[in-house]
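*Asks:* What follows is structure-v6.pdb, PDB, C-alpha atoms and all ligand atoms.
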```pdb
ATOM      1  CA  MET A  46     102.224 118.830 103.974  1.00  0.00           C
ATOM      2  CA  GLU A  47     104.880 121.158 102.652  1.00  0.00           C
ATOM      3  CA  LEU A  48     106.511 118.461 100.604  1.00  0.00           C
ATOM      4  CA  GLY A  49     103.292 116.689  99.754  1.00  0.00           C
ATOM      5  CA  ASN A  50     104.967 113.392 100.356  1.00  0.00           C
ATOM      6  CA  THR A  51     104.059 111.205 103.304  1.00  0.00           C
ATOM      7  CA  GLU A  52     105.149 108.028 101.590  1.00  0.00           C
ATOM      8  CA  GLY A  53     107.826 106.240 103.526  1.00  0.00           C
ATOM      9  CA  THR A  54     107.222 108.161 106.705  1.00  0.00           C
ATOM     10  CA  PRO A  55     108.399 105.997 109.570  1.00  0.00           C
ATOM     11  CA  ARG A  56     105.540 104.840 111.743  1.00  0.00           C
ATOM     12  CA  GLU A  57     106.988 101.957 113.667  1.00  0.00           C
ATOM     13  CA  LEU A  58     110.193 101.283 115.491  1.00  0.00           C
ATOM     14  CA  PHE A  59     112.568  98.423 114.982  1.00  0.00           C
ATOM     15  CA  THR A  60     114.534  97.446 118.061  1.00  0.00           C
ATOM     16  CA  CYS A  61     117.484  95.112 117.956  1.00  0.00           C
ATOM     17  CA  GLU A  62     117.045  92.531 120.686  1.00  0.00           C
ATOM     18  CA  LEU A  63     120.784  92.175 121.118  1.00  0.00           C
ATOM     19  CA  CYS A  64     122.193  95.681 121.217  1.00  0.00           C
ATOM     20  CA  GLU A  65     118.890  97.523 121.758  1.00  0.00           C
ATOM     21  CA  LEU A  66     119.469  99.770 118.785  1.00  0.00           C
ATOM     22  CA  THR A  67     116.143 101.414 118.065  1.00  0.00           C
ATOM     23  CA  THR A  68     115.334 103.008 114.748  1.00  0.00           C
ATOM     24  CA  PRO A  69     112.175 103.724 112.774  1.00  0.00           C
ATOM     25  CA  PHE A  70     111.457 101.539 109.780  1.00  0.00           C
ATOM     26  CA  THR A  71     109.034 101.986 106.926  1.00  0.00           C
ATOM     27  CA  TYR A  72     108.556  98.443 105.727  1.00  0.00           C
ATOM     28  CA  TYR A  73     108.976  94.858 106.895  1.00  0.00           C
ATOM     29  CA  GLY A  74     109.075  92.091 104.351  1.00  0.00           C
ATOM     30  CA  GLN A  75     110.887  90.814 101.307  1.00  0.00           C
ATOM     31  CA  LYS A  76     109.795  93.303  98.670  1.00  0.00           C
ATOM     32  CA  PRO A  77     110.216  96.946  99.671  1.00  0.00           C
ATOM     33  CA  PRO A  78     107.774  99.381  98.078  1.00  0.00           C
ATOM     34  CA  ASN A  79     108.958 101.688  95.290  1.00  0.00           C
ATOM     35  CA  THR A  80     111.453  99.141  94.134  1.00  0.00           C
ATOM     36  CA  ARG A  81     111.127  97.285  90.884  1.00  0.00           C
ATOM     37  CA  ALA A  82     113.696  94.537  90.855  1.00  0.00           C
ATOM     38  CA  ILE A  83     114.666  94.127  94.468  1.00  0.00           C
ATOM     39  CA  VAL A  84     113.552  91.082  96.397  1.00  0.00           C
ATOM     40  CA  LEU A  85     115.311  90.377  99.654  1.00  0.00           C
ATOM     41  CA  LEU A  86     116.426  86.880 100.542  1.00  0.00           C
ATOM     42  CA  GLU A  87     114.599  87.057 103.828  1.00  0.00           C
ATOM     43  CA  GLU A  88     112.102  89.339 105.451  1.00  0.00           C
ATOM     44  CA  CYS A  89     113.907  92.447 106.590  1.00  0.00           C
ATOM     45  CA  TYR A  90     113.207  95.730 108.287  1.00  0.00           C
ATOM     46  CA  VAL A  91     113.940  98.440 105.746  1.00  0.00           C
ATOM     47  CA  MET A  92     113.814 102.203 105.638  1.00  0.00           C
ATOM     48  CA  LYS A  93     113.866 104.510 102.670  1.00  0.00           C
ATOM     49  CA  ASP A  94     117.334 105.970 102.350  1.00  0.00           C
ATOM     50  CA  PRO A  95     116.939 109.527 103.661  1.00  0.00           C
ATOM     51  CA  PHE A  96     120.276 110.526 102.188  1.00  0.00           C
ATOM     52  CA  SER A  97     119.586 109.492  98.627  1.00  0.00           C
ATOM     53  CA  PRO A  98     117.449 111.387  96.108  1.00  0.00           C
ATOM     54  CA  GLU A  99     116.776 108.127  94.311  1.00  0.00           C
ATOM     55  CA  LYS A 100     113.376 106.693  95.173  1.00  0.00           C
ATOM     56  CA  GLU A 101     114.502 103.125  94.988  1.00  0.00           C
ATOM     57  CA  ARG A 102     117.329 103.429  97.429  1.00  0.00           C
ATOM     58  CA  PHE A 103     116.638 101.954 100.819  1.00  0.00           C
ATOM     59  CA  LEU A 104     118.514 100.805 103.871  1.00  0.00           C
ATOM     60  CA  VAL A 105     118.226  97.378 105.427  1.00  0.00           C
ATOM     61  CA  LEU A 106     118.078  97.887 109.165  1.00  0.00           C
ATOM     62  CA  GLY A 107     117.808  94.338 110.351  1.00  0.00           C
ATOM     63  CA  SER A 108     115.878  91.117 110.121  1.00  0.00           C
ATOM     64  CA  THR A 109     114.454  88.336 112.189  1.00  0.00           C
ATOM     65  CA  CYS A 110     116.958  85.643 113.009  1.00  0.00           C
ATOM     66  CA  SER A 111     115.872  82.406 111.378  1.00  0.00           C
ATOM     67  CA  LEU A 112     117.253  80.407 114.264  1.00  0.00           C
ATOM     68  CA  CYS A 113     116.076  82.202 117.367  1.00  0.00           C
ATOM     69  CA  HIS A 114     113.408  84.465 115.813  1.00  0.00           C
ATOM     70  CA  LYS A 115     114.813  87.518 117.494  1.00  0.00           C
ATOM     71  CA  ALA A 116     114.830  90.858 115.727  1.00  0.00           C
ATOM     72  CA  VAL A 117     118.455  91.732 115.169  1.00  0.00           C
ATOM     73  CA  CYS A 118     120.151  94.607 113.406  1.00  0.00           C
ATOM     74  CA  VAL A 119     122.506  94.089 110.497  1.00  0.00           C
ATOM     75  CA  SER A 120     125.609  95.223 112.304  1.00  0.00           C
ATOM     76  CA  ALA A 121     128.452  92.756 112.066  1.00  0.00           C
ATOM     77  CA  VAL A 122     128.503  92.359 115.816  1.00  0.00           C
ATOM     78  CA  CYS A 123     124.990  91.046 116.111  1.00  0.00           C
ATOM     79  CA  SER A 124     124.914  89.040 112.905  1.00  0.00           C
ATOM     80  CA  SER A 125     128.116  87.186 113.666  1.00  0.00           C
ATOM     81  CA  SER A 126     126.868  86.077 117.053  1.00  0.00           C
ATOM     82  CA  PHE A 127     124.524  83.654 115.306  1.00  0.00           C
ATOM     83  CA  VAL A 128     127.113  82.030 113.099  1.00  0.00           C
TER      84      VAL A 128
HETATM   85 ZN    ZN B 201     122.071  94.981 117.197  1.00  0.00          ZN
END
```
Could I get this file's structure written as structure tokens?
Ligand SMILES: [Zn+2]

*Replies:*
Amino acid sequence: MELGNTEGTPRELFTCELCELTTPFTYYGQKPPNTRAIVLLEECYVMKDPFSPEKERFLVLGSTCSLCHKAVCVSAVCSSSFV
């Protein structure tokens, strides 16, 4: 209420099914809100970048593996295990 900005407030949690990393995310899909030109190649879990004053900055937390349909984080460890 103090900031008058509830947009982007994390409501749900993304959990990596491989390393069990759990983190809140604000959007799941290919076109994050408050971005004009960004369309992700696949549906991803994203969170508004809390460290950037720019509205359009966001962090990709993870995505659903197209092969096994597990939710996995974007860390190199997990991603490479599917290659
Ligand atoms: Zn992971």

*Asks:* Go through A:Leu66, A:Leu112, A:Glu101, A:Phe59 one by one, measure the shortest atom-to-atom distance of each to A:Pro78 using all atoms listed in the file, and give the residue with the smallest value.

*Replies:*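 So, comparing all the options, the nearest one is A:Glu101.
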
*Asks:* What's around A:Val84 at 10 Å? Count all atoms listed in the file, leave out sequence neighbours fewer than 4 positions away in its own chain, and write the answer as a short mmCIF file (atom, residue, chain, number, x, y, z; two decimals) with C-alpha atoms, keeping the file's coordinate frame.

*Replies:*
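Output below, filename out-v6.cif:
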```
data_model
loop_
_atom_site.label_atom_id
_atom_site.label_comp_id
_atom_site.auth_asym_id
_atom_site.auth_seq_id
_atom_site.Cartn_x
_atom_site.Cartn_y
_atom_site.Cartn_z
CA GLY A 74 109.08 92.09 104.35
CA GLN A 75 110.89 90.81 101.31
CA LYS A 76 109.80 93.30 98.67
CA PRO A 77 110.22 96.95 99.67
CA THR A 80 111.45 99.14 94.13
CA GLU A 88 112.10 89.34 105.45
#
```

*Asks:* Considering only C-alpha atoms and all ligand atoms, tabulate each residue of chain A that lies at most 6 Å from ligand ZN 201 (chain B) along with its nearest interatomic pair and the corresponding distance in Å to one decimal; arrange the rows by chain and ascending residue number and present them as a tab-separated table.

*Replies:*
```
residue	atom	partner	partner_atom	distance
A:Cys61	CA	B:ZN201	ZN	4.7
A:Leu63	CA	B:ZN201	ZN	5.0
A:Cys64	CA	B:ZN201	ZN	4.1
A:Leu66	CA	B:ZN201	ZN	5.7
A:Val117	CA	B:ZN201	ZN	5.3
A:Cys118	CA	B:ZN201	ZN	4.3
A:Cys123	CA	B:ZN201	ZN	5.0
```

*Asks:* List the neighbours of A:Lys93 out to 9 Å using all atoms listed in the file; skip same-chain residues closer than 2 positions along the sequence, and give me the result as a PyMOL selection string.

*Replies:* chain A and resi 53-55+70-72+77+91+95-97+100-105

*Asks:* For the selection just defined, write its residues with C-alpha atoms to a file, as a PDB file, in the frame of the given file.

*Replies:*
```pdb
ATOM      1  CA  GLY A  53     107.826 106.240 103.526  1.00  0.00           C
ATOM      2  CA  THR A  54     107.222 108.161 106.705  1.00  0.00           C
ATOM      3  CA  PRO A  55     108.399 105.997 109.570  1.00  0.00           C
ATOM      4  CA  PHE A  70     111.457 101.539 109.780  1.00  0.00           C
ATOM      5  CA  THR A  71     109.034 101.986 106.926  1.00  0.00           C
ATOM      6  CA  TYR A  72     108.556  98.443 105.727  1.00  0.00           C
ATOM      7  CA  PRO A  77     110.216  96.946  99.671  1.00  0.00           C
ATOM      8  CA  VAL A  91     113.940  98.440 105.746  1.00  0.00           C
ATOM      9  CA  PRO A  95     116.939 109.527 103.661  1.00  0.00           C
ATOM     10  CA  PHE A  96     120.276 110.526 102.188  1.00  0.00           C
ATOM     11  CA  SER A  97     119.586 109.492  98.627  1.00  0.00           C
ATOM     12  CA  LYS A 100     113.376 106.693  95.173  1.00  0.00           C
ATOM     13  CA  GLU A 101     114.502 103.125  94.988  1.00  0.00           C
ATOM     14  CA  ARG A 102     117.329 103.429  97.429  1.00  0.00           C
ATOM     15  CA  PHE A 103     116.638 101.954 100.819  1.00  0.00           C
ATOM     16  CA  LEU A 104     118.514 100.805 103.871  1.00  0.00           C
ATOM     17  CA  VAL A 105     118.226  97.378 105.427  1.00  0.00           C
TER      18      VAL A 105
END
```

*Asks:* Can you work out the spacing between atom CA of A:Leu86 and atom CA of A:Glu99 in Å, to one decimal?

*Replies:*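 If I compute the distance from atom CA of A:Leu86 to atom CA of A:Glu99, I get 22.1 Å.
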